[in-house]
Amino acid sequence: MSTIKCSVCGEHYEANNIKVLGHRDNIWFLNVSCPACHSRALIAATIKEAEPSEGVTELTEAELTKFVEASPIGADDILDLHAFLQEFDGDFVELFTRK
Ligand SMILES: [Zn+2]
């Protein structure tokens with residue numbers, strides 16, 4: 001993961017700059033923010049299947065089930081998110097009280 005560089009300034013991302021949004025088969029969608037220039041990016045990364053090992057996860061079984069059952073992120077979701085962010089004025093109070 002630390003081999004991924006910021007496309008803006010070339011800084012390497014660190015584990016705590018990376019948020020996993022979800023995955024479809026071996027393609028993982030990551031939300032990264034650069035520690036140096038704070039630019040954000042969406043990254044689709046292909047992860048090779050490794051030998052199944054002793055599970056190392058901070059997720060509870062219920063959370064794992066939830067993520068496994070959640071529908072994969074598709075291009076439409078990314079487009080929706082993009083459109084949403086362009087419209088969104090940052091007012092979360094208004095967002096969550098909207099009827
Ligand atoms: Zn950067």
# chains A, B, ... in the order shown; residues from 1 in each chain; ligands from 1
$ residues_around --residues "Ala36 in chain A" --least-positions-apart "2" --cutoff "12 Å" --atoms "only C-alpha atoms" --output "mmCIF file with all heavy atoms, in the first residue's frame"
data_model
loop_
_atom_site.group_PDB
_atom_site.id
_atom_site.type_symbol
_atom_site.label_atom_id
_atom_site.label_comp_id
_atom_site.auth_asym_id
_atom_site.auth_seq_id
_atom_site.Cartn_x
_atom_site.Cartn_y
_atom_site.Cartn_z
ATOM 1 N N LYS A 5 1.767 6.437 -4.683
ATOM 2 C CA LYS A 5 2.221 7.812 -4.476
ATOM 3 C C LYS A 5 1.117 8.810 -4.793
ATOM 4 O O LYS A 5 0.258 8.560 -5.620
ATOM 5 C CB LYS A 5 3.391 8.110 -5.411
ATOM 6 C CG LYS A 5 4.679 7.439 -5.027
ATOM 7 C CD LYS A 5 5.764 7.946 -5.963
ATOM 8 C CE LYS A 5 6.953 7.005 -6.001
ATOM 9 N NZ LYS A 5 7.889 7.404 -7.056
ATOM 10 N N CYS A 6 1.190 9.953 -4.171
ATOM 11 C CA CYS A 6 0.295 11.057 -4.468
ATOM 12 C C CYS A 6 0.556 11.528 -5.891
ATOM 13 O O CYS A 6 1.700 11.758 -6.272
ATOM 14 C CB CYS A 6 0.541 12.193 -3.483
ATOM 15 S SG CYS A 6 -0.341 13.701 -3.907
ATOM 16 N N SER A 7 -0.525 11.671 -6.677
ATOM 17 C CA SER A 7 -0.344 12.086 -8.068
ATOM 18 C C SER A 7 -0.029 13.569 -8.170
ATOM 19 O O SER A 7 0.390 14.068 -9.199
ATOM 20 C CB SER A 7 -1.599 11.753 -8.879
ATOM 21 O OG SER A 7 -2.705 12.437 -8.341
ATOM 22 N N VAL A 8 -0.234 14.297 -7.111
ATOM 23 C CA VAL A 8 0.013 15.735 -7.125
ATOM 24 C C VAL A 8 1.457 16.056 -6.733
ATOM 25 O O VAL A 8 2.171 16.750 -7.442
ATOM 26 C CB VAL A 8 -0.969 16.469 -6.187
ATOM 27 C CG1 VAL A 8 -0.652 17.962 -6.133
ATOM 28 C CG2 VAL A 8 -2.403 16.245 -6.639
ATOM 29 N N CYS A 9 1.921 15.522 -5.603
ATOM 30 C CA CYS A 9 3.247 15.908 -5.123
ATOM 31 C C CYS A 9 4.222 14.732 -5.037
ATOM 32 O O CYS A 9 5.398 14.929 -4.775
ATOM 33 C CB CYS A 9 3.131 16.599 -3.764
ATOM 34 S SG CYS A 9 2.710 15.470 -2.426
ATOM 35 N N GLY A 10 3.748 13.497 -5.256
ATOM 36 C CA GLY A 10 4.655 12.359 -5.269
ATOM 37 C C GLY A 10 4.947 11.750 -3.911
ATOM 38 O O GLY A 10 5.695 10.798 -3.795
ATOM 39 N N GLU A 11 4.336 12.298 -2.876
ATOM 40 C CA GLU A 11 4.516 11.771 -1.526
ATOM 41 C C GLU A 11 3.884 10.374 -1.425
ATOM 42 O O GLU A 11 2.845 10.128 -2.021
ATOM 43 C CB GLU A 11 3.844 12.728 -0.526
ATOM 44 C CG GLU A 11 3.978 12.333 0.923
ATOM 45 C CD GLU A 11 5.341 12.691 1.496
ATOM 46 O OE1 GLU A 11 6.070 13.475 0.869
ATOM 47 O OE2 GLU A 11 5.662 12.166 2.571
ATOM 48 N N HIS A 12 4.525 9.473 -0.682
ATOM 49 C CA HIS A 12 3.932 8.159 -0.463
ATOM 50 C C HIS A 12 2.824 8.262 0.572
ATOM 51 O O HIS A 12 2.969 8.960 1.567
ATOM 52 C CB HIS A 12 4.994 7.173 0.048
ATOM 53 C CG HIS A 12 5.963 6.767 -1.017
ATOM 54 N ND1 HIS A 12 5.743 5.687 -1.836
ATOM 55 C CD2 HIS A 12 7.136 7.315 -1.404
ATOM 56 C CE1 HIS A 12 6.751 5.582 -2.681
ATOM 57 N NE2 HIS A 12 7.607 6.556 -2.447
ATOM 58 N N TYR A 13 1.745 7.539 0.297
ATOM 59 C CA TYR A 13 0.677 7.476 1.291
ATOM 60 C C TYR A 13 1.068 6.548 2.426
ATOM 61 O O TYR A 13 1.775 5.585 2.230
ATOM 62 C CB TYR A 13 -0.622 6.969 0.647
ATOM 63 C CG TYR A 13 -1.181 7.892 -0.386
ATOM 64 C CD1 TYR A 13 -1.363 7.453 -1.687
ATOM 65 C CD2 TYR A 13 -1.524 9.195 -0.066
ATOM 66 C CE1 TYR A 13 -1.896 8.294 -2.659
ATOM 67 C CE2 TYR A 13 -2.054 10.032 -1.029
ATOM 68 C CZ TYR A 13 -2.226 9.591 -2.316
ATOM 69 O OH TYR A 13 -2.741 10.406 -3.270
ATOM 70 N N GLU A 14 0.568 6.855 3.586
ATOM 71 C CA GLU A 14 0.767 5.966 4.721
ATOM 72 C C GLU A 14 -0.557 5.288 5.035
ATOM 73 O O GLU A 14 -1.614 5.756 4.622
ATOM 74 C CB GLU A 14 1.256 6.762 5.937
ATOM 75 C CG GLU A 14 2.681 7.253 5.744
ATOM 76 C CD GLU A 14 2.978 8.429 6.664
ATOM 77 O OE1 GLU A 14 2.302 8.560 7.689
ATOM 78 O OE2 GLU A 14 3.875 9.207 6.322
ATOM 79 N N ASN A 17 -3.520 7.196 5.989
ATOM 80 C CA ASN A 17 -4.066 8.142 5.017
ATOM 81 C C ASN A 17 -5.057 7.451 4.080
ATOM 82 O O ASN A 17 -5.622 8.072 3.202
ATOM 83 C CB ASN A 17 -2.958 8.752 4.152
ATOM 84 C CG ASN A 17 -1.908 9.446 4.982
ATOM 85 O OD1 ASN A 17 -0.733 9.164 4.808
ATOM 86 N ND2 ASN A 17 -2.321 10.299 5.885
ATOM 87 N N VAL A 32 -7.950 8.085 -0.506
ATOM 88 C CA VAL A 32 -6.675 8.440 0.096
ATOM 89 C C VAL A 32 -6.565 9.954 0.249
ATOM 90 O O VAL A 32 -7.128 10.716 -0.533
ATOM 91 C CB VAL A 32 -5.486 7.938 -0.746
ATOM 92 C CG1 VAL A 32 -5.443 6.427 -0.745
ATOM 93 C CG2 VAL A 32 -5.564 8.468 -2.157
ATOM 94 N N SER A 33 -5.862 10.369 1.280
ATOM 95 C CA SER A 33 -5.554 11.791 1.406
ATOM 96 C C SER A 33 -4.053 11.906 1.643
ATOM 97 O O SER A 33 -3.471 11.166 2.421
ATOM 98 C CB SER A 33 -6.350 12.418 2.550
ATOM 99 O OG SER A 33 -6.015 11.819 3.766
ATOM 100 N N CYS A 34 -3.436 12.819 0.930
ATOM 101 C CA CYS A 34 -1.980 12.938 0.964
ATOM 102 C C CYS A 34 -1.527 13.610 2.259
ATOM 103 O O CYS A 34 -2.061 14.652 2.640
ATOM 104 C CB CYS A 34 -1.525 13.761 -0.233
ATOM 105 S SG CYS A 34 0.234 14.072 -0.219
ATOM 106 N N HIS A 38 -2.301 17.204 1.170
ATOM 107 C CA HIS A 38 -3.701 17.068 1.564
ATOM 108 C C HIS A 38 -4.659 16.964 0.384
ATOM 109 O O HIS A 38 -5.844 17.212 0.550
ATOM 110 C CB HIS A 38 -4.125 18.214 2.491
ATOM 111 C CG HIS A 38 -3.275 18.290 3.721
ATOM 112 N ND1 HIS A 38 -3.362 17.355 4.724
ATOM 113 C CD2 HIS A 38 -2.303 19.159 4.079
ATOM 114 C CE1 HIS A 38 -2.477 17.667 5.664
ATOM 115 N NE2 HIS A 38 -1.819 18.748 5.299
ATOM 116 N N SER A 39 -4.156 16.643 -0.790
ATOM 117 C CA SER A 39 -5.079 16.403 -1.892
ATOM 118 C C SER A 39 -5.694 15.020 -1.707
ATOM 119 O O SER A 39 -5.060 14.120 -1.157
ATOM 120 C CB SER A 39 -4.364 16.504 -3.236
ATOM 121 O OG SER A 39 -3.353 15.529 -3.309
ATOM 122 N N ARG A 40 -6.926 14.878 -2.158
ATOM 123 C CA ARG A 40 -7.628 13.611 -1.990
ATOM 124 C C ARG A 40 -7.821 12.929 -3.323
ATOM 125 O O ARG A 40 -7.906 13.583 -4.349
ATOM 126 C CB ARG A 40 -9.004 13.836 -1.346
ATOM 127 C CG ARG A 40 -8.897 14.245 0.085
ATOM 128 C CD ARG A 40 -10.229 14.671 0.646
ATOM 129 N NE ARG A 40 -10.057 15.070 2.033
ATOM 130 C CZ ARG A 40 -10.082 14.203 3.043
ATOM 131 N NH1 ARG A 40 -10.302 12.933 2.800
ATOM 132 N NH2 ARG A 40 -9.886 14.613 4.276
#
$ residues_around --residues "Leu30 in chain A" --least-positions-apart "4" --cutoff "7 Å" --atoms "only C-alpha atoms" --output "number ranges by chain"
A: 18-21, 42-44
$ atom_distance --atom1 "CA of Lys66 in chain A" --atom2 "CA of Ala83 in chain A"
26.1 Å
$ residues_around --residues "Glu69 in chain A" --least-positions-apart "5" --cutoff "12 Å" --atoms "only C-alpha atoms" --output "list of chain:residue names"
A:Gly22, A:His23, A:Arg24, A:Ala62, A:Glu63, A:Leu64
